[in-house]
Amino acid sequence: MGECGPLRIEGVDRRLLDFFQDLKKELPTAHITSGFRTKEEQTCLYKKMPPGMAAKPGTSSHESGRAIDIGGIDYTSKELRKTVTKVLGKHPDVLWGYYFKVSDPVHFYVPKTSPVWPAALILGSLGLFF
Ligand SMILES: [Zn+2]
């Protein structure tokens, strides 16, 4: 991540690190370029990047340790993407930013499980919601 802060692996979701270890067995040049980010670091990145290229501070999955960026490999290669897809197959909780509307191939993440929903369902069952 460079100027905005150090590479932080502590605080990254174990499932992402397990995925990375498996990926590295297939693609030894792969390395993590960004892991956990503080809100300050995300703010720095957001200001530095062209519009739309970095998530707004407070909204990035990196800020909750649910994302890593992986560099050192050529995502334009179809063969490579096949290998990535194969490894992802063994890690069903890990999703790939390659499929974002604005593709972000270096970005791998585990989706947030929202605590809002159980509360909404309880309120709904009491007729207080919806
Ligand atoms: Zn990312």
# chains A, B, ... in the order shown; residues from 1 in each chain; ligands from 1
>>> select_by_dssp(residues="chain A", states="helix (DSSP H, G or I)", output="count of residues only")
54
>>> residues_near_ligand(ligand="ligand 1", cutoff="12 Å", atoms="only C-alpha atoms and all ligand atoms", output="MDAnalysis selection string")
chainID A and resid 1 16 32:37 42 45:46 53:55 59:71 95:98 100 103:110
>>> closest_residue(among="A:Pro50, A:Gly5, A:Gly72, A:Gly11", to="Leu23 in chain A", atoms="only C-alpha atoms")
A:Gly72
>>> atom_distance(atom1="CA of Asp93 in chain A", atom2="CA of Gly58 in chain A")
22.2 Å
>>> closest_residue(among="A:Leu80, A:Leu7, A:Val87, A:Cys44", to="Lys25 in chain A", atoms="only C-alpha atoms")
A:Val87
>>> atom_distance(atom1="CA of Thr83 in chain A", atom2="CA of Arg8 in chain A")
25.8 Å
>>> select_by_dssp(residues="range 2-130 of chain A", states="strand (DSSP E or B)", output="list of chain:residue names")
A:His31, A:Ile32, A:Thr33, A:Ser34, A:Ala67, A:Ile68, A:Asp69, A:Ile70, A:Gly71, A:Leu95, A:Trp96, A:His107, A:Phe108, A:Tyr109
>>> closest_residue(among="A:Glu3, A:Val102, A:His91, A:Lys86", to="Lys47 in chain A", atoms="only C-alpha atoms")
A:Glu3
